[in-house]
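Novice: Structure supplied as final-v6.txt; contents: compact mmCIF, N, CA and C atoms and all ligand atoms.
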# COMPACT_ATOMS: atom_id res chain seq x y z
N MET A 1 -9.46 22.35 28.06
CA MET A 1 -10.31 22.45 29.26
C MET A 1 -9.58 23.24 30.35
N ASN A 2 -10.36 23.83 31.22
CA ASN A 2 -9.74 24.66 32.25
C ASN A 2 -9.32 23.85 33.47
N ASN A 3 -8.68 24.52 34.37
CA ASN A 3 -8.11 23.91 35.55
C ASN A 3 -9.16 23.25 36.44
N PHE A 4 -10.31 23.92 36.56
CA PHE A 4 -11.39 23.39 37.40
C PHE A 4 -11.81 22.01 36.92
N TYR A 5 -11.92 21.88 35.61
CA TYR A 5 -12.36 20.59 35.04
C TYR A 5 -11.40 19.48 35.44
N TYR A 6 -10.10 19.75 35.30
CA TYR A 6 -9.11 18.72 35.65
C TYR A 6 -9.16 18.37 37.13
N ARG A 7 -9.34 19.40 37.96
CA ARG A 7 -9.39 19.14 39.40
C ARG A 7 -10.64 18.33 39.73
N PHE A 8 -11.75 18.68 39.06
CA PHE A 8 -13.01 17.98 39.30
C PHE A 8 -12.94 16.53 38.83
N MET A 9 -12.29 16.32 37.67
CA MET A 9 -12.24 14.98 37.09
C MET A 9 -11.13 14.12 37.68
N TYR A 10 -10.27 14.69 38.51
CA TYR A 10 -9.16 13.93 39.05
C TYR A 10 -9.67 12.74 39.86
N GLY A 11 -9.16 11.53 39.54
CA GLY A 11 -9.57 10.34 40.28
C GLY A 11 -10.93 9.81 39.87
N ARG A 12 -11.49 10.37 38.79
CA ARG A 12 -12.77 9.86 38.30
C ARG A 12 -12.56 9.10 36.98
N ASN A 13 -13.53 8.28 36.65
CA ASN A 13 -13.40 7.39 35.49
C ASN A 13 -13.37 8.14 34.16
N GLY A 14 -14.27 9.09 33.97
CA GLY A 14 -14.31 9.87 32.73
C GLY A 14 -14.79 9.06 31.54
N VAL A 15 -14.20 9.32 30.37
CA VAL A 15 -14.67 8.68 29.13
C VAL A 15 -13.83 7.45 28.82
N ASP A 16 -14.50 6.31 28.68
CA ASP A 16 -13.86 5.11 28.15
C ASP A 16 -14.75 4.58 27.02
N LYS A 17 -14.39 3.42 26.49
CA LYS A 17 -15.15 2.92 25.34
C LYS A 17 -16.62 2.68 25.65
N LEU A 18 -16.88 2.14 26.84
CA LEU A 18 -18.26 1.86 27.22
C LEU A 18 -19.07 3.15 27.31
N ASN A 19 -18.45 4.22 27.82
CA ASN A 19 -19.15 5.49 27.91
C ASN A 19 -19.35 6.14 26.54
N VAL A 20 -18.39 5.94 25.64
CA VAL A 20 -18.58 6.41 24.27
C VAL A 20 -19.77 5.70 23.64
N PHE A 21 -19.85 4.38 23.92
CA PHE A 21 -20.98 3.58 23.43
C PHE A 21 -22.30 4.13 23.96
N PHE A 22 -22.35 4.42 25.27
CA PHE A 22 -23.56 4.99 25.88
C PHE A 22 -23.92 6.32 25.22
N ALA A 23 -22.91 7.14 24.95
CA ALA A 23 -23.15 8.44 24.33
C ALA A 23 -23.75 8.27 22.94
N VAL A 24 -23.21 7.29 22.17
CA VAL A 24 -23.72 7.03 20.83
C VAL A 24 -25.17 6.52 20.91
N VAL A 25 -25.44 5.62 21.88
CA VAL A 25 -26.81 5.12 22.07
C VAL A 25 -27.76 6.27 22.38
N LEU A 26 -27.31 7.19 23.24
CA LEU A 26 -28.13 8.36 23.59
C LEU A 26 -28.45 9.19 22.35
N LEU A 27 -27.44 9.38 21.51
CA LEU A 27 -27.61 10.16 20.29
C LEU A 27 -28.65 9.49 19.38
N ILE A 28 -28.50 8.17 19.21
CA ILE A 28 -29.43 7.42 18.34
C ILE A 28 -30.85 7.48 18.90
N LEU A 29 -30.97 7.26 20.22
CA LEU A 29 -32.29 7.33 20.85
C LEU A 29 -32.91 8.71 20.67
N GLY A 30 -32.07 9.74 20.80
CA GLY A 30 -32.54 11.12 20.63
C GLY A 30 -33.10 11.36 19.24
N VAL A 31 -32.41 10.83 18.24
CA VAL A 31 -32.87 10.98 16.85
C VAL A 31 -34.15 10.18 16.63
N VAL A 32 -34.16 8.93 17.14
CA VAL A 32 -35.34 8.07 16.95
C VAL A 32 -36.58 8.69 17.61
N SER A 33 -36.38 9.32 18.78
CA SER A 33 -37.54 9.86 19.51
C SER A 33 -38.23 10.99 18.75
N ILE A 34 -37.53 11.60 17.78
CA ILE A 34 -38.15 12.64 16.96
C ILE A 34 -39.25 12.04 16.08
N PHE A 35 -39.03 10.79 15.66
CA PHE A 35 -39.90 10.19 14.65
C PHE A 35 -41.01 9.31 15.21
N VAL A 36 -41.00 9.06 16.53
CA VAL A 36 -42.04 8.21 17.10
C VAL A 36 -42.92 9.01 18.06
N HIS A 37 -44.10 8.46 18.35
CA HIS A 37 -45.06 9.18 19.19
C HIS A 37 -45.62 8.28 20.28
N ASP A 38 -46.36 8.91 21.17
CA ASP A 38 -47.12 8.23 22.23
C ASP A 38 -46.28 7.25 23.06
N THR A 39 -46.73 6.01 23.12
CA THR A 39 -46.09 5.02 23.99
C THR A 39 -44.64 4.77 23.59
N ALA A 40 -44.39 4.65 22.28
CA ALA A 40 -43.04 4.38 21.80
C ALA A 40 -42.09 5.50 22.23
N ARG A 41 -42.56 6.74 22.16
CA ARG A 41 -41.73 7.87 22.57
C ARG A 41 -41.45 7.81 24.07
N LEU A 42 -42.47 7.46 24.84
CA LEU A 42 -42.32 7.36 26.29
C LEU A 42 -41.27 6.30 26.64
N VAL A 43 -41.35 5.15 25.97
CA VAL A 43 -40.39 4.06 26.20
C VAL A 43 -38.97 4.54 25.89
N ILE A 44 -38.83 5.22 24.76
CA ILE A 44 -37.52 5.71 24.36
C ILE A 44 -36.99 6.74 25.36
N GLN A 45 -37.90 7.61 25.85
CA GLN A 45 -37.46 8.62 26.82
C GLN A 45 -37.01 7.97 28.14
N VAL A 46 -37.70 6.92 28.54
CA VAL A 46 -37.28 6.19 29.75
C VAL A 46 -35.91 5.56 29.52
N LEU A 47 -35.74 4.93 28.34
CA LEU A 47 -34.44 4.33 27.99
C LEU A 47 -33.34 5.39 27.99
N GLU A 48 -33.66 6.55 27.40
CA GLU A 48 -32.69 7.65 27.37
C GLU A 48 -32.26 8.03 28.78
N ALA A 49 -33.24 8.14 29.69
CA ALA A 49 -32.94 8.51 31.07
C ALA A 49 -32.05 7.47 31.72
N VAL A 50 -32.36 6.18 31.51
CA VAL A 50 -31.57 5.10 32.11
C VAL A 50 -30.14 5.13 31.59
N VAL A 51 -29.98 5.24 30.25
CA VAL A 51 -28.64 5.25 29.66
C VAL A 51 -27.86 6.48 30.12
N PHE A 52 -28.58 7.62 30.22
CA PHE A 52 -27.91 8.85 30.66
C PHE A 52 -27.41 8.72 32.10
N ILE A 53 -28.24 8.13 32.96
CA ILE A 53 -27.83 7.93 34.36
C ILE A 53 -26.61 6.99 34.42
N LEU A 54 -26.65 5.90 33.63
CA LEU A 54 -25.51 4.98 33.58
C LEU A 54 -24.24 5.70 33.13
N PHE A 55 -24.41 6.51 32.06
CA PHE A 55 -23.27 7.27 31.54
C PHE A 55 -22.70 8.19 32.62
N LEU A 56 -23.58 8.97 33.24
CA LEU A 56 -23.15 9.94 34.24
C LEU A 56 -22.49 9.24 35.44
N PHE A 57 -23.12 8.14 35.87
CA PHE A 57 -22.59 7.38 37.00
C PHE A 57 -21.18 6.88 36.71
N ARG A 58 -21.00 6.31 35.49
CA ARG A 58 -19.68 5.78 35.15
C ARG A 58 -18.67 6.90 34.90
N PHE A 59 -19.15 8.02 34.34
CA PHE A 59 -18.29 9.16 34.04
C PHE A 59 -17.71 9.76 35.33
N LEU A 60 -18.56 9.88 36.34
CA LEU A 60 -18.15 10.55 37.57
C LEU A 60 -17.61 9.60 38.62
N SER A 61 -17.74 8.29 38.37
CA SER A 61 -17.37 7.29 39.37
C SER A 61 -15.90 7.39 39.80
N LYS A 62 -15.70 7.20 41.11
CA LYS A 62 -14.32 7.21 41.63
C LYS A 62 -13.80 5.79 41.82
N ASP A 63 -14.66 4.80 41.61
CA ASP A 63 -14.24 3.39 41.71
C ASP A 63 -13.68 2.97 40.35
N ILE A 64 -12.51 3.49 40.03
CA ILE A 64 -11.96 3.34 38.67
C ILE A 64 -11.66 1.88 38.33
N SER A 65 -11.16 1.10 39.31
CA SER A 65 -10.79 -0.28 38.99
C SER A 65 -12.02 -1.08 38.58
N ARG A 66 -13.16 -0.84 39.27
CA ARG A 66 -14.39 -1.55 38.91
C ARG A 66 -14.89 -1.09 37.53
N ARG A 67 -14.81 0.21 37.26
CA ARG A 67 -15.25 0.74 35.96
C ARG A 67 -14.37 0.18 34.83
N GLN A 68 -13.05 0.04 35.12
CA GLN A 68 -12.14 -0.51 34.11
C GLN A 68 -12.49 -1.96 33.79
N LYS A 69 -12.87 -2.70 34.83
CA LYS A 69 -13.27 -4.10 34.60
C LYS A 69 -14.52 -4.17 33.73
N GLU A 70 -15.49 -3.30 34.01
CA GLU A 70 -16.71 -3.23 33.17
C GLU A 70 -16.34 -2.93 31.73
N ASN A 71 -15.45 -1.94 31.57
CA ASN A 71 -15.04 -1.53 30.23
C ASN A 71 -14.33 -2.66 29.50
N GLU A 72 -13.45 -3.37 30.22
CA GLU A 72 -12.75 -4.50 29.61
C GLU A 72 -13.73 -5.57 29.14
N ARG A 73 -14.74 -5.86 29.99
CA ARG A 73 -15.75 -6.85 29.62
C ARG A 73 -16.50 -6.40 28.36
N PHE A 74 -16.83 -5.12 28.32
CA PHE A 74 -17.54 -4.57 27.16
C PHE A 74 -16.69 -4.67 25.90
N VAL A 75 -15.41 -4.29 26.01
CA VAL A 75 -14.51 -4.33 24.85
C VAL A 75 -14.36 -5.77 24.34
N LYS A 76 -14.22 -6.71 25.30
CA LYS A 76 -14.08 -8.12 24.94
C LYS A 76 -15.33 -8.62 24.21
N LEU A 77 -16.49 -8.23 24.75
CA LEU A 77 -17.77 -8.67 24.20
C LEU A 77 -17.99 -8.13 22.80
N THR A 78 -17.55 -6.90 22.54
CA THR A 78 -17.86 -6.24 21.27
C THR A 78 -16.72 -6.29 20.27
N SER A 79 -15.56 -6.85 20.65
CA SER A 79 -14.41 -6.79 19.74
C SER A 79 -14.66 -7.58 18.46
N SER A 80 -15.38 -8.71 18.55
CA SER A 80 -15.63 -9.48 17.33
C SER A 80 -16.56 -8.73 16.39
N VAL A 81 -17.55 -8.02 16.96
CA VAL A 81 -18.45 -7.19 16.14
C VAL A 81 -17.67 -6.07 15.47
N GLU A 82 -16.78 -5.45 16.27
CA GLU A 82 -15.98 -4.35 15.75
C GLU A 82 -15.07 -4.84 14.62
N LYS A 83 -14.45 -6.01 14.84
CA LYS A 83 -13.56 -6.57 13.81
C LYS A 83 -14.33 -6.85 12.53
N TYR A 84 -15.54 -7.44 12.70
CA TYR A 84 -16.38 -7.76 11.54
C TYR A 84 -16.71 -6.48 10.76
N CYS A 85 -17.09 -5.41 11.47
CA CYS A 85 -17.44 -4.15 10.82
C CYS A 85 -16.24 -3.55 10.11
N ARG A 86 -15.08 -3.59 10.76
CA ARG A 86 -13.87 -3.06 10.15
C ARG A 86 -13.54 -3.80 8.86
N ARG A 87 -13.66 -5.15 8.91
CA ARG A 87 -13.34 -5.96 7.74
C ARG A 87 -14.31 -5.65 6.60
N LYS A 88 -15.62 -5.57 6.94
CA LYS A 88 -16.65 -5.26 5.93
C LYS A 88 -16.39 -3.90 5.31
N TYR A 89 -16.05 -2.91 6.16
CA TYR A 89 -15.81 -1.56 5.68
C TYR A 89 -14.62 -1.54 4.72
N ARG A 90 -13.55 -2.29 5.10
CA ARG A 90 -12.36 -2.34 4.27
C ARG A 90 -12.69 -2.97 2.91
N GLN A 91 -13.53 -4.03 2.95
CA GLN A 91 -13.90 -4.70 1.70
C GLN A 91 -14.73 -3.80 0.81
N LEU A 92 -15.65 -3.03 1.43
CA LEU A 92 -16.53 -2.17 0.64
C LEU A 92 -15.81 -0.98 0.04
N THR A 93 -14.73 -0.54 0.69
CA THR A 93 -14.04 0.65 0.20
C THR A 93 -12.77 0.31 -0.57
N ASP A 94 -12.50 -0.99 -0.75
CA ASP A 94 -11.30 -1.40 -1.48
C ASP A 94 -11.46 -1.14 -2.97
N LYS A 95 -10.61 -0.29 -3.52
CA LYS A 95 -10.73 0.06 -4.94
C LYS A 95 -10.02 -0.95 -5.83
N ASN A 96 -9.09 -1.71 -5.27
CA ASN A 96 -8.26 -2.60 -6.10
C ASN A 96 -8.79 -4.02 -6.18
N TYR A 97 -9.55 -4.45 -5.17
CA TYR A 97 -10.01 -5.84 -5.14
C TYR A 97 -11.52 -5.92 -4.95
N LYS A 98 -12.06 -6.97 -5.53
CA LYS A 98 -13.48 -7.25 -5.32
C LYS A 98 -13.58 -8.49 -4.42
N TYR A 99 -14.46 -8.43 -3.40
CA TYR A 99 -14.58 -9.52 -2.44
C TYR A 99 -15.89 -10.27 -2.65
N PHE A 100 -15.84 -11.57 -2.53
CA PHE A 100 -17.06 -12.37 -2.60
C PHE A 100 -16.84 -13.72 -1.93
N LYS A 101 -17.94 -14.43 -1.75
CA LYS A 101 -17.85 -15.73 -1.08
C LYS A 101 -17.82 -16.86 -2.11
N CYS A 102 -17.03 -17.90 -1.85
CA CYS A 102 -17.03 -19.09 -2.68
C CYS A 102 -18.41 -19.75 -2.57
N PRO A 103 -19.07 -20.04 -3.72
CA PRO A 103 -20.41 -20.62 -3.65
C PRO A 103 -20.44 -22.02 -3.03
N LYS A 104 -19.30 -22.68 -2.99
CA LYS A 104 -19.29 -24.05 -2.45
C LYS A 104 -18.97 -24.09 -0.95
N CYS A 105 -17.86 -23.42 -0.57
CA CYS A 105 -17.44 -23.50 0.83
C CYS A 105 -17.60 -22.19 1.58
N SER A 106 -18.08 -21.16 0.89
CA SER A 106 -18.32 -19.81 1.43
C SER A 106 -17.11 -19.16 2.10
N ALA A 107 -15.90 -19.53 1.64
CA ALA A 107 -14.70 -18.81 2.07
C ALA A 107 -14.70 -17.44 1.37
N THR A 108 -14.17 -16.42 2.05
CA THR A 108 -14.10 -15.11 1.44
C THR A 108 -12.90 -15.03 0.51
N LEU A 109 -13.16 -14.68 -0.75
CA LEU A 109 -12.09 -14.59 -1.73
C LEU A 109 -12.05 -13.18 -2.28
N ARG A 110 -10.90 -12.82 -2.86
CA ARG A 110 -10.83 -11.51 -3.51
C ARG A 110 -10.10 -11.65 -4.83
N VAL A 111 -10.56 -10.87 -5.80
CA VAL A 111 -9.90 -10.83 -7.11
C VAL A 111 -9.67 -9.37 -7.48
N PRO A 112 -8.62 -9.09 -8.26
CA PRO A 112 -8.39 -7.71 -8.70
C PRO A 112 -9.58 -7.22 -9.51
N ARG A 113 -9.94 -5.98 -9.33
CA ARG A 113 -11.07 -5.40 -10.06
C ARG A 113 -10.70 -5.14 -11.53
N HIS A 114 -11.75 -4.95 -12.33
CA HIS A 114 -11.63 -4.54 -13.73
C HIS A 114 -10.78 -5.48 -14.57
N ARG A 115 -10.99 -6.77 -14.43
CA ARG A 115 -10.29 -7.74 -15.26
C ARG A 115 -11.27 -8.45 -16.20
N GLY A 116 -12.52 -8.02 -16.20
CA GLY A 116 -13.53 -8.66 -17.02
C GLY A 116 -13.98 -9.98 -16.41
N ASN A 117 -14.37 -10.93 -17.26
CA ASN A 117 -14.81 -12.23 -16.74
C ASN A 117 -13.60 -13.11 -16.48
N VAL A 118 -13.50 -13.61 -15.27
CA VAL A 118 -12.38 -14.48 -14.92
C VAL A 118 -12.89 -15.78 -14.32
N THR A 119 -12.10 -16.84 -14.48
CA THR A 119 -12.41 -18.10 -13.81
C THR A 119 -11.59 -18.16 -12.53
N VAL A 120 -12.30 -18.26 -11.43
CA VAL A 120 -11.66 -18.25 -10.12
C VAL A 120 -11.56 -19.67 -9.59
N THR A 121 -10.40 -20.01 -9.05
CA THR A 121 -10.26 -21.29 -8.36
C THR A 121 -10.16 -21.00 -6.87
N CYS A 122 -11.10 -21.52 -6.11
CA CYS A 122 -11.09 -21.30 -4.66
C CYS A 122 -9.86 -21.97 -4.06
N PRO A 123 -9.02 -21.22 -3.31
CA PRO A 123 -7.81 -21.83 -2.74
C PRO A 123 -8.12 -22.81 -1.60
N VAL A 124 -9.34 -22.77 -1.09
CA VAL A 124 -9.69 -23.64 0.03
C VAL A 124 -10.22 -24.98 -0.46
N CYS A 125 -11.22 -24.94 -1.38
CA CYS A 125 -11.86 -26.20 -1.78
C CYS A 125 -11.62 -26.57 -3.25
N ARG A 126 -10.82 -25.75 -3.95
CA ARG A 126 -10.48 -26.02 -5.36
C ARG A 126 -11.67 -25.91 -6.30
N ASN A 127 -12.76 -25.38 -5.84
CA ASN A 127 -13.95 -25.18 -6.67
C ASN A 127 -13.66 -24.12 -7.72
N LYS A 128 -14.04 -24.38 -8.99
CA LYS A 128 -13.83 -23.41 -10.07
C LYS A 128 -15.14 -22.79 -10.48
N PHE A 129 -15.16 -21.47 -10.64
CA PHE A 129 -16.38 -20.81 -11.08
C PHE A 129 -16.04 -19.48 -11.76
N ASP A 130 -16.97 -18.97 -12.58
CA ASP A 130 -16.73 -17.72 -13.30
C ASP A 130 -17.23 -16.53 -12.49
N LYS A 131 -16.49 -15.44 -12.62
CA LYS A 131 -16.87 -14.23 -11.87
C LYS A 131 -16.58 -13.01 -12.72
N LYS A 132 -17.49 -12.05 -12.69
CA LYS A 132 -17.27 -10.79 -13.39
C LYS A 132 -16.60 -9.81 -12.41
N THR A 133 -15.49 -9.21 -12.83
CA THR A 133 -14.77 -8.34 -11.89
C THR A 133 -14.89 -6.87 -12.25
ZN ZN B 201 -14.35 -22.78 -1.80
Could you render the structure from this file as C-alpha cells?
Specialist:
Amino acid sequence: MNNFYYRFMYGRNGVDKLNVFFAVVLLILGVVSIFVHDTARLVIQVLEAVVFILFLFRFLSKDISRRQKENERFVKLTSSVEKYCRRKYRQLTDKNYKYFKCPKCSATLRVPRHRGNVTVTCPVCRNKFDKKT
C-alpha cells in the first residue's frame, strides 16, 4: 500500500476479526441476493447496507479502545464455534484415524483406519462394540 493509505489509516481501527466477519457476511449476502427476488432481495439488500455501514464505521473508527472491546467480545462469543469447526475439520481430513461417537456415552473416539472390523472398548464407559475401520 502507498504512503497515503498509511497516513489515512493512522489511528484508525482498520481490519480486525469482527470486520473480517462482516466482510464474509457481505460476500455471502451478495451471492445469496443473486438467487432471490422481490421482497427477499430487498431484505437482503437492506441487510447488506446495514452490514456495510457497520463495517465501514468500525474500519474508519478512531475510537480504537472501544472497537477492540467489541472485537474481544465477538472473539469470545465465537471462539467455541471456531474451535468446534476446527476440530470437525481436523477429524474429516484425518487420513490416519477414523472418528466416531460411542453409542452408549457419546464420547468421541478414534481408531486407526484400514484395520477391518475391530472391537472397540470405550475408554470412558467401558462399553464394547464392533466398528468397521
Ligand atoms: Zn462410552
Novice: Using only N, CA and C atoms for the distances, tell me which of A:Leu29, A:Phe59, A:Lys131, A:Asp16 is nearest to Gln45 (chain A).
Specialist: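 Closest residue, counting only N, CA and C atoms: A:Leu29.
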Novice: Set the distance at 12 Å and use only C-alpha atoms: which residues neighbour Gly116 (chain A) once local chain neighbours fewer than 6 positions away are removed? I'd like the list as a list in words.
Specialist: Lys98, Asp130, Lys131, Lys132 and Thr133 of chain A
Novice: Separation of atom C of Val25 (chain A) and CA of Gly11 (chain A), in Å?
Specialist: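 Between these atoms lies a distance of 25.8 Å.
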Novice: Residues within 12 Å of (-15.2, -3.2, 30.5), file coordinates, counting only C-alpha atoms: what are they? Give the list as a list in words.
Specialist: Asn13, Val15, Asp16, Lys17, Leu18, Asn19, Val20, Phe21, Arg58, Ile64, Ser65, Arg66, Arg67, Gln68, Lys69, Glu70, Asn71, Glu72, Arg73, Phe74, Val75, Lys76, Leu77, Thr78 and Ser79 of chain A
Novice: Check every protein, DNA and RNA residue against ligand ZN 201 (chain B), keep those with an atom at most 8 Å away (counting only C-alpha atoms and all ligand atoms), and present them as a list in words.
Specialist: Lys101, Cys102, Pro103, Lys104, Cys105, Ser106, Ala107, Thr121, Cys122, Pro123, Val124, Cys125, Arg126 and Asn127 of chain A
Novice: I'd like the neighbourhood of region 84-95 of chain A as a list of chain:residue names, where a residue qualifies if any of its atoms comes within 8 Å (using all atoms listed in the file), though same-chain residues fewer than 4 positions away should be ignored.
Specialist: A:Thr78, A:Ser79, A:Ser80, A:Tyr99, A:Pro112, A:Arg113, A:His114
Novice: Pull the strand (DSSP E or B) assignments for region 82-128 of chain A out of DSSP run on the backbone, and list those residues as a count of residues only.
Specialist: 16
